[in-house]
>>> print(open('coords_15.txt').read())   # compact mmCIF, C-alpha atoms
# COMPACT_ATOMS: atom_id res chain seq x y z
CA MET N 24 80.51 -73.08 -175.51
CA PHE N 25 78.79 -76.43 -176.10
CA VAL N 26 75.83 -77.42 -178.26
CA ALA N 27 73.82 -80.60 -178.60
CA VAL N 28 73.82 -81.66 -182.26
CA GLU N 29 71.24 -84.10 -183.61
CA MET N 30 72.73 -86.66 -185.97
CA VAL N 31 71.76 -89.89 -187.70
CA ASP N 32 74.18 -92.65 -188.55
CA THR N 33 74.28 -96.35 -189.31
CA VAL N 34 76.36 -98.17 -186.71
CA ARG N 35 78.04 -101.45 -187.50
CA ILE N 36 78.37 -103.94 -184.64
CA PRO N 37 80.76 -106.84 -185.40
CA PRO N 38 79.56 -110.33 -184.38
CA TRP N 39 82.04 -110.68 -181.51
CA ASN N 40 80.20 -107.84 -179.75
CA PHE N 41 76.76 -109.44 -180.05
CA GLN N 42 76.81 -110.58 -176.43
CA ARG N 43 76.84 -106.97 -175.27
CA GLN N 44 73.73 -104.88 -174.75
CA LEU N 45 72.95 -103.21 -178.08
CA ASN N 46 72.78 -99.77 -176.48
CA ASP N 47 76.21 -100.10 -174.89
CA ALA N 48 77.81 -101.42 -178.06
CA ILE N 49 76.30 -98.57 -180.07
CA ILE N 50 77.40 -95.92 -177.55
CA GLU N 51 80.94 -97.27 -177.68
CA GLU N 52 81.00 -97.31 -181.49
CA LEU N 53 79.66 -93.77 -181.76
CA ASN N 54 82.18 -92.43 -179.25
CA LYS N 55 84.95 -94.30 -181.05
CA LYS N 56 83.94 -92.66 -184.30
CA LEU N 57 83.30 -89.09 -183.18
CA ALA N 58 84.96 -88.22 -179.85
CA ASN N 59 87.76 -85.63 -180.16
CA LYS N 60 87.11 -85.25 -183.90
CA VAL N 61 86.03 -82.18 -185.82
CA VAL N 62 82.94 -82.49 -187.99
CA TYR N 63 82.96 -80.06 -190.92
CA ASN N 64 80.76 -77.00 -190.25
CA VAL N 65 79.62 -78.45 -186.93
CA GLY N 66 82.48 -78.30 -184.42
CA LEU N 67 84.66 -80.43 -182.16
CA CYS N 68 82.74 -83.48 -180.93
CA ILE N 69 83.13 -84.22 -177.23
CA CYS N 70 80.94 -87.15 -176.23
CA LEU N 71 77.54 -88.71 -176.76
CA TYR N 72 74.66 -86.88 -175.07
CA ASP N 73 71.94 -89.49 -175.62
CA ILE N 74 70.33 -91.84 -178.15
CA THR N 75 66.92 -90.63 -179.27
CA LYS N 76 65.84 -93.47 -181.57
CA LEU N 77 67.10 -96.90 -182.54
CA GLU N 78 65.76 -98.40 -185.72
CA ASP N 79 65.75 -102.11 -186.53
CA SER N 80 69.09 -103.85 -186.92
CA TYR N 81 69.83 -105.63 -190.20
CA ILE N 82 72.39 -108.18 -191.27
CA PHE N 83 73.46 -107.97 -194.90
CA PRO N 84 74.69 -110.81 -197.07
CA GLY N 85 78.46 -111.19 -197.03
CA ASP N 86 78.94 -109.34 -193.74
CA GLY N 87 78.20 -111.01 -190.41
CA ALA N 88 77.90 -107.71 -188.57
CA SER N 89 74.62 -106.00 -187.71
CA HIS N 90 73.82 -102.55 -189.04
CA THR N 91 71.57 -100.26 -187.04
CA LYS N 92 70.36 -96.78 -187.93
CA VAL N 93 70.71 -94.61 -184.84
CA HIS N 94 69.31 -91.14 -184.15
CA PHE N 95 71.34 -89.49 -181.41
CA ARG N 96 72.52 -86.21 -179.93
CA TYR N 97 76.18 -85.42 -179.51
CA VAL N 98 77.85 -82.78 -177.32
CA VAL N 99 79.88 -80.53 -179.62
CA PHE N 100 82.22 -77.67 -178.79
CA HIS N 101 80.98 -74.83 -180.97
CA PRO N 102 81.07 -71.36 -179.36
CA PHE N 103 78.59 -68.93 -180.85
CA LEU N 104 79.64 -65.66 -182.45
CA ASP N 105 80.57 -62.96 -179.91
CA GLU N 106 80.75 -65.45 -177.06
CA ILE N 107 83.19 -64.66 -174.27
CA LEU N 108 85.65 -67.44 -173.44
CA VAL N 109 88.57 -67.81 -171.05
CA GLY N 110 91.67 -69.70 -172.15
CA LYS N 111 95.45 -69.80 -171.64
CA ILE N 112 98.08 -68.26 -173.90
CA LYS N 113 99.91 -71.02 -175.76
CA TYR N 114 102.52 -68.87 -177.49
CA CYS N 115 102.90 -65.65 -179.50
CA SER N 116 104.16 -65.18 -183.00
CA GLN N 117 104.11 -62.47 -185.68
CA GLU N 118 100.71 -63.78 -186.69
CA GLY N 119 99.20 -63.01 -183.31
CA VAL N 120 98.51 -64.68 -179.98
CA TYR N 121 97.65 -68.39 -179.93
CA VAL N 122 95.24 -69.40 -177.14
CA THR N 123 94.21 -72.83 -175.90
CA VAL N 124 91.32 -74.09 -173.75
CA GLY N 125 92.97 -77.43 -173.00
CA PHE N 126 90.79 -79.62 -175.15
CA PHE N 127 90.92 -77.22 -178.11
CA ASP N 128 94.07 -75.49 -179.30
CA ASP N 129 93.48 -73.64 -182.53
CA ILE N 130 92.41 -70.22 -181.32
CA LEU N 131 94.16 -67.19 -182.78
CA ILE N 132 93.95 -63.54 -181.85
CA PRO N 133 95.39 -61.57 -184.79
CA PRO N 134 97.51 -58.46 -184.10
CA GLU N 135 94.81 -56.01 -185.19
CA SER N 136 92.42 -57.44 -182.57
CA LEU N 137 94.81 -56.91 -179.65
CA GLN N 138 94.45 -53.99 -177.24
CA GLN N 139 96.03 -51.12 -179.14
CA PRO N 140 98.76 -49.96 -179.20
CA ALA N 141 100.48 -53.35 -179.29
CA LYS N 142 103.97 -54.33 -180.37
CA PHE N 143 105.75 -57.64 -180.85
CA ASP N 144 108.85 -58.09 -178.73
CA GLU N 145 111.16 -60.12 -180.97
CA ALA N 146 113.64 -60.98 -178.23
CA GLU N 147 111.10 -62.59 -175.94
CA GLN N 148 108.64 -63.56 -178.67
CA VAL N 149 105.69 -62.01 -176.86
CA TRP N 150 103.11 -59.43 -177.76
CA VAL N 151 103.05 -56.37 -175.51
CA TRP N 152 100.26 -53.90 -174.80
CA GLU N 153 101.72 -50.42 -174.46
CA TYR N 154 99.23 -49.10 -171.96
CA GLU N 155 99.23 -45.31 -171.72
CA THR N 156 98.57 -43.68 -168.37
CA ASP N 157 99.27 -40.16 -167.09
CA GLU N 158 102.55 -41.39 -165.63
CA GLY N 159 103.78 -42.78 -168.95
CA ALA N 160 103.54 -46.02 -170.90
CA HIS N 161 103.26 -49.34 -169.05
CA ASP N 162 104.35 -52.40 -170.98
CA LEU N 163 101.92 -55.24 -170.30
CA TYR N 164 103.37 -58.54 -171.50
CA MET N 165 101.22 -61.38 -172.81
CA ASP N 166 103.22 -64.27 -171.37
CA GLN N 167 102.78 -67.98 -172.02
CA GLY N 168 100.40 -69.76 -169.67
CA GLU N 169 98.57 -66.60 -168.63
CA GLU N 170 94.79 -66.79 -168.46
CA ILE N 171 93.15 -64.63 -171.09
CA ARG N 172 89.51 -63.60 -171.67
CA PHE N 173 88.57 -63.10 -175.32
CA ARG N 174 85.53 -62.76 -177.58
CA VAL N 175 84.96 -65.11 -180.52
CA THR N 176 84.69 -63.10 -183.75
CA ASP N 177 85.01 -65.72 -186.46
CA GLU N 178 85.35 -69.43 -187.11
CA VAL N 179 87.01 -71.20 -190.02
CA PHE N 180 86.24 -74.75 -191.07
CA LEU N 181 88.64 -76.45 -193.47
CA ASP N 182 87.80 -79.65 -195.25
CA THR N 183 90.80 -81.83 -194.44
CA SER N 184 89.45 -85.00 -196.04
CA PRO N 185 92.09 -86.74 -198.16
CA THR N 186 92.22 -85.60 -201.77
CA GLY N 187 92.76 -88.04 -204.62
CA PRO N 188 96.23 -89.14 -205.80
CA THR N 189 96.11 -86.79 -208.80
CA ALA N 190 95.59 -83.67 -206.69
CA ALA N 191 99.32 -82.96 -206.41
CA THR N 192 98.93 -79.16 -206.74
CA VAL N 193 99.95 -77.09 -203.77
CA ASP N 194 96.92 -75.37 -202.23
CA ALA N 195 96.90 -71.59 -202.03
CA PRO N 196 98.04 -70.66 -198.51
CA GLN N 197 95.04 -70.53 -196.23
CA PRO N 198 94.83 -67.17 -194.38
CA GLY N 199 97.19 -67.81 -191.46
CA GLN N 200 95.35 -70.80 -189.96
CA SER N 201 98.22 -73.25 -189.89
CA THR N 202 99.85 -73.81 -186.53
CA ALA N 203 102.92 -75.50 -188.09
CA PRO N 204 106.07 -73.34 -188.46
CA PRO N 205 106.40 -71.96 -192.01
CA ALA N 206 109.89 -73.47 -192.43
CA GLU N 207 108.42 -76.97 -193.00
CA ASP N 208 110.09 -78.52 -196.05
CA SER N 209 107.96 -81.58 -196.51
CA GLY N 210 105.37 -79.45 -198.31
CA GLN N 211 102.54 -80.85 -196.23
CA LYS N 212 101.44 -78.08 -193.84
CA LYS N 213 99.21 -79.46 -191.11
CA GLU N 214 96.04 -77.43 -191.36
CA ALA N 215 93.65 -77.22 -188.47
CA PRO N 216 90.18 -78.38 -189.49
CA TYR N 217 88.54 -75.90 -187.14
CA THR N 218 90.00 -72.56 -186.09
CA LEU N 219 88.56 -69.80 -183.96
CA ILE N 220 89.47 -66.15 -184.42
CA GLY N 221 89.12 -63.94 -181.38
CA THR N 222 89.54 -60.37 -180.23
CA ILE N 223 90.62 -58.73 -176.99
CA SER N 224 90.25 -55.11 -178.08
CA GLU N 225 87.46 -54.26 -175.64
CA PRO N 226 87.44 -53.14 -171.99
CA GLY N 227 87.44 -56.25 -169.82
CA LEU N 228 89.16 -58.46 -172.41
CA GLY N 229 92.73 -59.64 -172.34
CA LEU N 230 94.75 -61.10 -169.49
CA LEU N 231 92.62 -61.59 -166.38
CA SER N 232 95.36 -59.98 -164.28
CA TRP N 233 94.92 -56.70 -166.21
CA TRP N 234 91.35 -56.26 -164.96
CA ASN N 235 91.39 -57.77 -161.45
CA SER N 236 91.66 -54.80 -159.13
CA MET M 19 76.41 -89.90 -191.34
CA GLU M 20 73.95 -87.07 -191.48
CA VAL M 21 73.64 -83.99 -189.32
CA LYS M 22 69.96 -83.38 -188.70
CA ASP M 23 70.25 -80.21 -186.62
CA ALA M 24 73.59 -78.57 -185.88
CA ASN M 25 72.05 -76.35 -183.23
CA ALA M 26 69.46 -78.48 -181.51
CA ALA M 27 70.16 -77.09 -178.04
CA LEU M 28 72.62 -74.85 -176.22
CA LEU M 29 74.30 -76.66 -173.33
CA SER M 30 75.58 -74.93 -170.22
CA ASN M 31 79.07 -75.78 -168.96
CA PHE M 32 77.42 -77.36 -165.91
CA GLU M 33 75.40 -79.81 -168.03
CA VAL M 34 78.48 -80.93 -169.92
CA PHE M 35 80.49 -81.13 -166.69
CA LYS M 36 77.84 -83.34 -165.08
CA LEU M 37 77.57 -85.54 -168.17
CA LEU M 38 81.33 -86.10 -168.31
CA THR M 39 81.62 -86.75 -164.56
CA ASP M 40 78.83 -89.34 -164.72
CA LEU M 41 80.41 -90.93 -167.79
CA LYS M 42 83.74 -91.11 -165.99
CA GLU M 43 82.12 -92.90 -163.03
CA GLN M 44 80.43 -95.35 -165.36
CA ARG M 45 83.64 -96.11 -167.21
CA LYS M 46 85.57 -96.58 -164.00
CA ASP M 47 83.25 -99.48 -163.14
CA SER M 48 83.43 -101.09 -166.56
CA GLY M 49 87.14 -101.81 -166.13
CA LYS M 50 89.28 -103.18 -168.86
CA ASN M 51 88.15 -102.01 -172.25
CA LYS M 52 88.57 -98.29 -171.77
CA HIS M 53 92.28 -98.50 -172.55
CA SER M 54 91.85 -99.98 -176.04
CA THR M 55 93.14 -97.78 -178.88
CA GLY M 56 89.61 -96.97 -180.02
CA GLN M 57 88.76 -95.45 -176.64
CA GLN M 58 91.86 -93.24 -176.44
CA ASN M 59 90.20 -90.29 -178.16
CA LEU M 60 87.27 -90.36 -175.79
CA ASN M 61 89.62 -90.62 -172.80
CA THR M 62 91.72 -87.68 -174.00
CA ILE M 63 88.83 -85.35 -174.72
CA MET M 64 87.06 -86.27 -171.48
CA TYR M 65 90.18 -85.65 -169.41
CA GLU M 66 90.99 -82.31 -171.03
CA THR M 67 87.43 -81.02 -170.96
CA LEU M 68 86.97 -82.01 -167.30
CA LYS M 69 90.29 -80.37 -166.46
CA HIS M 70 89.18 -77.13 -168.08
CA LEU M 71 85.64 -77.14 -166.67
CA SER M 72 86.68 -78.00 -163.12
CA LYS M 73 88.40 -74.62 -162.95
CA THR M 74 85.24 -72.74 -163.91
CA PRO M 75 82.22 -71.81 -161.73
CA CYS M 76 80.19 -74.66 -163.25
CA SER M 77 82.00 -77.22 -161.09
CA ARG M 78 80.28 -75.76 -158.01
CA GLN M 79 76.79 -75.63 -159.51
CA SER M 80 73.85 -78.03 -159.20
CA PRO M 81 70.56 -78.40 -161.12
CA GLU M 82 68.70 -76.56 -158.33
CA ILE M 83 71.13 -73.65 -158.41
CA VAL M 84 70.79 -73.35 -162.19
CA LYS M 85 67.00 -73.45 -161.96
CA GLU M 86 66.97 -70.80 -159.20
CA PHE M 87 69.34 -68.61 -161.20
CA LEU M 88 67.23 -68.77 -164.36
CA THR M 89 63.98 -68.05 -162.48
CA THR M 90 65.57 -65.03 -160.79
CA MET M 91 66.86 -63.82 -164.16
CA MET M 92 63.43 -63.83 -165.79
CA PRO M 93 62.38 -60.24 -164.98
CA HIS M 94 65.63 -58.81 -166.40
CA LYS M 95 64.61 -59.81 -169.94
CA LEU M 96 68.00 -61.09 -171.07
CA THR M 97 68.45 -63.30 -174.11
CA LYS M 98 69.21 -67.01 -173.75
CA ALA M 99 72.81 -66.51 -174.84
CA GLU M 100 73.34 -63.72 -172.27
CA LYS M 101 71.93 -65.77 -169.40
CA LEU M 102 74.08 -68.71 -170.49
CA GLN M 103 77.23 -66.58 -170.40
CA LEU M 104 76.36 -65.19 -166.95
CA LEU M 105 75.81 -68.75 -165.74
CA ASN M 106 79.08 -70.01 -167.20
CA HIS M 107 81.31 -67.13 -166.14
CA ARG M 108 79.80 -65.75 -162.90
CA PRO M 109 80.89 -62.13 -163.57
CA GLN M 110 81.84 -60.05 -160.54
CA THR M 111 82.32 -56.63 -162.10
CA ALA M 112 80.27 -54.24 -164.19
CA VAL M 113 82.87 -54.45 -166.99
CA GLU M 114 82.30 -58.19 -167.32
CA ILE M 115 78.53 -57.73 -167.38
CA GLN M 116 78.95 -55.17 -170.17
CA LEU M 117 80.91 -57.71 -172.20
CA MET M 118 78.26 -60.41 -171.87
CA VAL M 119 75.08 -58.36 -172.11
CA GLU M 120 74.67 -56.57 -175.42
CA GLU M 121 74.00 -52.82 -175.22
CA SER M 122 73.93 -53.06 -171.46
CA GLU M 123 74.24 -49.27 -171.14
CA GLU M 124 70.94 -48.77 -172.93
CA ARG M 125 69.04 -51.73 -171.54
CA LEU M 126 70.19 -51.67 -167.90
CA SER M 127 70.62 -48.80 -165.49
CA GLU M 128 73.58 -48.73 -163.10
CA GLU M 129 71.44 -50.04 -160.24
CA GLN M 130 70.19 -52.88 -162.37
CA ILE M 131 73.76 -53.85 -163.23
CA GLU M 132 74.64 -53.79 -159.51
CA GLU M 133 71.55 -55.88 -158.82
CA LEU M 134 72.63 -58.35 -161.49
CA ILE M 135 76.10 -58.67 -159.97
CA GLN M 136 74.52 -59.16 -156.53
CA THR M 137 72.17 -61.89 -157.82
CA VAL M 138 74.99 -63.67 -159.61
CA THR M 139 77.21 -63.54 -156.51
CA ASP M 140 74.41 -64.72 -154.22
CA ILE M 141 72.96 -67.57 -156.23
CA LEU M 142 75.98 -68.98 -158.03
CA PRO M 143 78.60 -70.42 -155.69
CA GLY M 144 82.00 -68.83 -156.01
CA ASP M 145 85.54 -70.09 -155.59
CA PRO M 146 85.99 -70.70 -151.84
CA GLU M 147 89.72 -69.86 -151.98
CA GLN M 148 89.08 -66.56 -153.67
CA GLU M 149 86.40 -65.72 -151.15
CA ILE M 150 88.70 -66.38 -148.21
CA ALA M 151 91.27 -64.05 -149.79
CA THR M 152 88.80 -61.20 -150.31
CA SER M 153 87.21 -61.55 -146.87
CA ALA M 154 90.70 -61.50 -145.35
CA ASP M 155 91.32 -58.21 -147.17
CA VAL M 156 88.04 -56.81 -145.80
CA VAL M 157 89.00 -57.81 -142.25
CA MET M 158 92.42 -56.17 -142.70
CA ASP M 159 90.79 -52.93 -143.91
CA GLN M 160 88.36 -52.92 -141.01
CA ALA M 161 91.12 -53.53 -138.50
CA GLN M 162 93.08 -50.52 -139.73
>>> encode(input="coords_15.txt", output="structure tokens")
Amino acid sequence: MFVAVEMVDTVRIPPWNFQRQLNDAIIEELNKKLANKVVYNVGLCICLYDITKLEDSYIFPGDGASHTKVHFRYVVFHPFLDEILVGKIKYCSQEGVYVTVGFFDDILIPPESLQQPAKFDEAEQVWVWEYETDEGAHDLYMDQGEEIRFRVTDEVFLDTSPTGPTAATVDAPQPGQSTAPPAEDSGQKKEAPYTLIGTISEPGLGLLSWWNS
Amino acid sequence: MEVKDANAALLSNFEVFKLLTDLKEQRKDSGKNKHSTGQQNLNTIMYETLKHLSKTPCSRQSPEIVKEFLTTMMPHKLTKAEKLQLLNHRPQTAVEIQLMVEESEERLSEEQIEELIQTVTDILPGDPEQEIATSADVVMDQAQ
């Protein structure tokens, strides 16, 4: 689930923090910058793992703060392809089942990756697995809050950095990654910078209660 | 900012759990500045990640247990990713093992899968509540 990512960055320490130990000030600045943020093509940053190298600190003309180049490792949430994860069902929609792991919400299991045959119950807004046995079909509901085991099949990184003022064109709809309801009028759909696509169409995957004897 | 290596090392859930617990202890002692707006993100992600990890088997592991587990796993010739998943999930059934170990039907015989489940159950500590429930069931069956 987690990886250690090696990064290099120049950290700026303002003069009012000079009385602190350099290491502590740098750790705080790095966490302030990266914790709970998604780095493009890397993953969701959790917290600093360690500092591997500190270069000399410089003060530049015009700015009283010190600038230090820091080599460090950061703990990043970045599940590898085909990894098995356990999360909770957030809600279901026509687009599939949305799963969350608490600290990360944008996980989608599209309808074709559900245990087949599956149907969407419009009244209760849940996906249902129509499990066939000799006695007839059992309807297994995928309710909100249920624990679900799934396999990661794909990841999508979107560059959500601000575009310039002239880029007023509406982007082509990204393939179903938005978690905002489609009825939004403001025109600005909130796109998740990092989305995971999963599957539960294998024996052992799906709600934990389905497989616990 | 530059990313030197996006995959420098795989971390087990236990390592991240330990890191966050130690960080939480440290921040508890430092007192006032953890509530400043800049620290909110770190607080949120730490809280949520600890909440999620405390419900997984990694919360009951220790460095010695992990080391013992990996040494015992050596003869089975599993890949790093497979051993990591077994460590993080503590599978109890053959179905779960088949999910985490690729081509388990070809690489492992039925006895080896049983052996794997036994090793995982013995070395990695399980959920004490769950174990009380299952041992109660066993006692009930025996009493009948």
>>> closest_atom_pairs(input="coords_15.txt", of="chain M", to="chain N", cutoff="10 Å", atoms="only C-alpha atoms", output="JSON lines")
{"residue": "M:Met19", "atom": "CA", "partner": "N:Asp32", "partner_atom": "CA", "distance": 4.5}
{"residue": "M:Glu20", "atom": "CA", "partner": "N:Val31", "partner_atom": "CA", "distance": 5.2}
{"residue": "M:Val21", "atom": "CA", "partner": "N:Met30", "partner_atom": "CA", "distance": 4.4}
{"residue": "M:Lys22", "atom": "CA", "partner": "N:Met30", "partner_atom": "CA", "distance": 5.1}
{"residue": "M:Asp23", "atom": "CA", "partner": "N:Glu29", "partner_atom": "CA", "distance": 5.0}
{"residue": "M:Ala24", "atom": "CA", "partner": "N:Val28", "partner_atom": "CA", "distance": 4.8}
{"residue": "M:Asn25", "atom": "CA", "partner": "N:Val28", "partner_atom": "CA", "distance": 5.7}
{"residue": "M:Ala26", "atom": "CA", "partner": "N:Val28", "partner_atom": "CA", "distance": 5.4}
{"residue": "M:Ala27", "atom": "CA", "partner": "N:Ala27", "partner_atom": "CA", "distance": 5.1}
{"residue": "M:Leu28", "atom": "CA", "partner": "N:Val26", "partner_atom": "CA", "distance": 4.6}
{"residue": "M:Leu29", "atom": "CA", "partner": "N:Val26", "partner_atom": "CA", "distance": 5.2}
{"residue": "M:Ser30", "atom": "CA", "partner": "N:Phe25", "partner_atom": "CA", "distance": 6.9}
{"residue": "M:Asn31", "atom": "CA", "partner": "N:Phe25", "partner_atom": "CA", "distance": 7.2}
{"residue": "M:Glu33", "atom": "CA", "partner": "N:Phe25", "partner_atom": "CA", "distance": 9.4}
{"residue": "M:Val34", "atom": "CA", "partner": "N:Phe25", "partner_atom": "CA", "distance": 7.7}
{"residue": "M:Leu37", "atom": "CA", "partner": "N:Tyr72", "partner_atom": "CA", "distance": 7.6}
{"residue": "M:Leu38", "atom": "CA", "partner": "N:Cys70", "partner_atom": "CA", "distance": 8.0}
{"residue": "M:Leu41", "atom": "CA", "partner": "N:Cys70", "partner_atom": "CA", "distance": 9.3}
{"residue": "M:Lys52", "atom": "CA", "partner": "N:Glu51", "partner_atom": "CA", "distance": 9.7}
{"residue": "M:Thr55", "atom": "CA", "partner": "N:Lys55", "partner_atom": "CA", "distance": 9.2}
{"residue": "M:Gly56", "atom": "CA", "partner": "N:Lys55", "partner_atom": "CA", "distance": 5.5}
{"residue": "M:Gln57", "atom": "CA", "partner": "N:Lys55", "partner_atom": "CA", "distance": 5.9}
{"residue": "M:Gln58", "atom": "CA", "partner": "N:Lys55", "partner_atom": "CA", "distance": 8.4}
{"residue": "M:Asn59", "atom": "CA", "partner": "N:Asn59", "partner_atom": "CA", "distance": 5.6}
{"residue": "M:Leu60", "atom": "CA", "partner": "N:Ala58", "partner_atom": "CA", "distance": 5.1}
{"residue": "M:Asn61", "atom": "CA", "partner": "N:Ala58", "partner_atom": "CA", "distance": 8.8}
{"residue": "M:Thr62", "atom": "CA", "partner": "N:Asn59", "partner_atom": "CA", "distance": 7.6}
{"residue": "M:Ile63", "atom": "CA", "partner": "N:Asn59", "partner_atom": "CA", "distance": 5.6}
{"residue": "M:Met64", "atom": "CA", "partner": "N:Ile69", "partner_atom": "CA", "distance": 7.3}
{"residue": "M:Tyr65", "atom": "CA", "partner": "N:Phe126", "partner_atom": "CA", "distance": 8.3}
{"residue": "M:Glu66", "atom": "CA", "partner": "N:Phe126", "partner_atom": "CA", "distance": 4.9}
{"residue": "M:Thr67", "atom": "CA", "partner": "N:Phe126", "partner_atom": "CA", "distance": 5.6}
{"residue": "M:Leu68", "atom": "CA", "partner": "N:Phe126", "partner_atom": "CA", "distance": 9.1}
{"residue": "M:Lys69", "atom": "CA", "partner": "N:Gly125", "partner_atom": "CA", "distance": 7.7}
{"residue": "M:His70", "atom": "CA", "partner": "N:Gly125", "partner_atom": "CA", "distance": 6.2}
{"residue": "M:Leu71", "atom": "CA", "partner": "N:Val124", "partner_atom": "CA", "distance": 9.6}
{"residue": "M:Thr74", "atom": "CA", "partner": "N:Val109", "partner_atom": "CA", "distance": 9.3}
{"residue": "M:Ala99", "atom": "CA", "partner": "N:Glu106", "partner_atom": "CA", "distance": 8.3}
{"residue": "M:Glu100", "atom": "CA", "partner": "N:Glu106", "partner_atom": "CA", "distance": 9.0}
{"residue": "M:Leu102", "atom": "CA", "partner": "N:Met24", "partner_atom": "CA", "distance": 9.3}
{"residue": "M:Gln103", "atom": "CA", "partner": "N:Ile107", "partner_atom": "CA", "distance": 7.4}
{"residue": "M:Asn106", "atom": "CA", "partner": "N:Met24", "partner_atom": "CA", "distance": 9.0}
{"residue": "M:His107", "atom": "CA", "partner": "N:Leu108", "partner_atom": "CA", "distance": 8.5}
{"residue": "M:Gln110", "atom": "CA", "partner": "N:Asn235", "partner_atom": "CA", "distance": 9.9}
{"residue": "M:Thr111", "atom": "CA", "partner": "N:Asn235", "partner_atom": "CA", "distance": 9.2}
{"residue": "M:Ala112", "atom": "CA", "partner": "N:Gly227", "partner_atom": "CA", "distance": 9.3}
{"residue": "M:Val113", "atom": "CA", "partner": "N:Gly227", "partner_atom": "CA", "distance": 5.7}
{"residue": "M:Glu114", "atom": "CA", "partner": "N:Gly227", "partner_atom": "CA", "distance": 6.0}
{"residue": "M:Ile115", "atom": "CA", "partner": "N:Gly227", "partner_atom": "CA", "distance": 9.4}
{"residue": "M:Gln116", "atom": "CA", "partner": "N:Gly227", "partner_atom": "CA", "distance": 8.6}
{"residue": "M:Leu117", "atom": "CA", "partner": "N:Gly227", "partner_atom": "CA", "distance": 7.1}
{"residue": "M:Met118", "atom": "CA", "partner": "N:Ile107", "partner_atom": "CA", "distance": 6.9}
{"residue": "M:Glu120", "atom": "CA", "partner": "N:Asp105", "partner_atom": "CA", "distance": 9.8}
>>> write_last_selection(input="coords_15.txt", atoms="C-alpha atoms", output="compact mmCIF listing (two decimals), in the frame of the given file")
# COMPACT_ATOMS: atom_id res chain seq x y z
CA MET M 19 76.41 -89.90 -191.34
CA GLU M 20 73.95 -87.07 -191.48
CA VAL M 21 73.64 -83.99 -189.32
CA LYS M 22 69.96 -83.38 -188.70
CA ASP M 23 70.25 -80.21 -186.62
CA ALA M 24 73.59 -78.57 -185.88
CA ASN M 25 72.05 -76.35 -183.23
CA ALA M 26 69.46 -78.48 -181.51
CA ALA M 27 70.16 -77.09 -178.04
CA LEU M 28 72.62 -74.85 -176.22
CA LEU M 29 74.30 -76.66 -173.33
CA SER M 30 75.58 -74.93 -170.22
CA ASN M 31 79.07 -75.78 -168.96
CA GLU M 33 75.40 -79.81 -168.03
CA VAL M 34 78.48 -80.93 -169.92
CA LEU M 37 77.57 -85.54 -168.17
CA LEU M 38 81.33 -86.10 -168.31
CA LEU M 41 80.41 -90.93 -167.79
CA LYS M 52 88.57 -98.29 -171.77
CA THR M 55 93.14 -97.78 -178.88
CA GLY M 56 89.61 -96.97 -180.02
CA GLN M 57 88.76 -95.45 -176.64
CA GLN M 58 91.86 -93.24 -176.44
CA ASN M 59 90.20 -90.29 -178.16
CA LEU M 60 87.27 -90.36 -175.79
CA ASN M 61 89.62 -90.62 -172.80
CA THR M 62 91.72 -87.68 -174.00
CA ILE M 63 88.83 -85.35 -174.72
CA MET M 64 87.06 -86.27 -171.48
CA TYR M 65 90.18 -85.65 -169.41
CA GLU M 66 90.99 -82.31 -171.03
CA THR M 67 87.43 -81.02 -170.96
CA LEU M 68 86.97 -82.01 -167.30
CA LYS M 69 90.29 -80.37 -166.46
CA HIS M 70 89.18 -77.13 -168.08
CA LEU M 71 85.64 -77.14 -166.67
CA THR M 74 85.24 -72.74 -163.91
CA ALA M 99 72.81 -66.51 -174.84
CA GLU M 100 73.34 -63.72 -172.27
CA LEU M 102 74.08 -68.71 -170.49
CA GLN M 103 77.23 -66.58 -170.40
CA ASN M 106 79.08 -70.01 -167.20
CA HIS M 107 81.31 -67.13 -166.14
CA GLN M 110 81.84 -60.05 -160.54
CA THR M 111 82.32 -56.63 -162.10
CA ALA M 112 80.27 -54.24 -164.19
CA VAL M 113 82.87 -54.45 -166.99
CA GLU M 114 82.30 -58.19 -167.32
CA ILE M 115 78.53 -57.73 -167.38
CA GLN M 116 78.95 -55.17 -170.17
CA LEU M 117 80.91 -57.71 -172.20
CA MET M 118 78.26 -60.41 -171.87
CA GLU M 120 74.67 -56.57 -175.42
>>> atom_distance(input="coords_15.txt", atom1="atom CA of N:Ala160", atom2="atom CA of N:Phe143")
15.5 Å
>>> axis_aligned_box(input="coords_15.txt", around="stretch 211-224 of chain N", padding_each_side="5 Å", output="lines of an AutoDock Vina configuration file")
center_x = 95.5
center_y = -68.0
center_z = -186.6
size_x = 24.0
size_y = 35.7
size_z = 29.2
>>> residues_around(input="coords_15.txt", residues="M:Gly144", least_positions_apart="2", cutoff="10 Å", atoms="all atoms listed in the file", output="list of chain:residue names")
M:Thr74, M:Pro75, M:Cys76, M:Ser77, M:Arg78, M:Gln79, M:Arg108, M:Gln110, M:Val138, M:Thr139, M:Asp140, M:Ile141, M:Leu142, M:Pro146, M:Glu147, M:Gln148, M:Glu149
>>> atom_distance(input="coords_15.txt", atom1="atom CA of N:Ser80", atom2="atom CA of N:Ile36")
9.6 Å
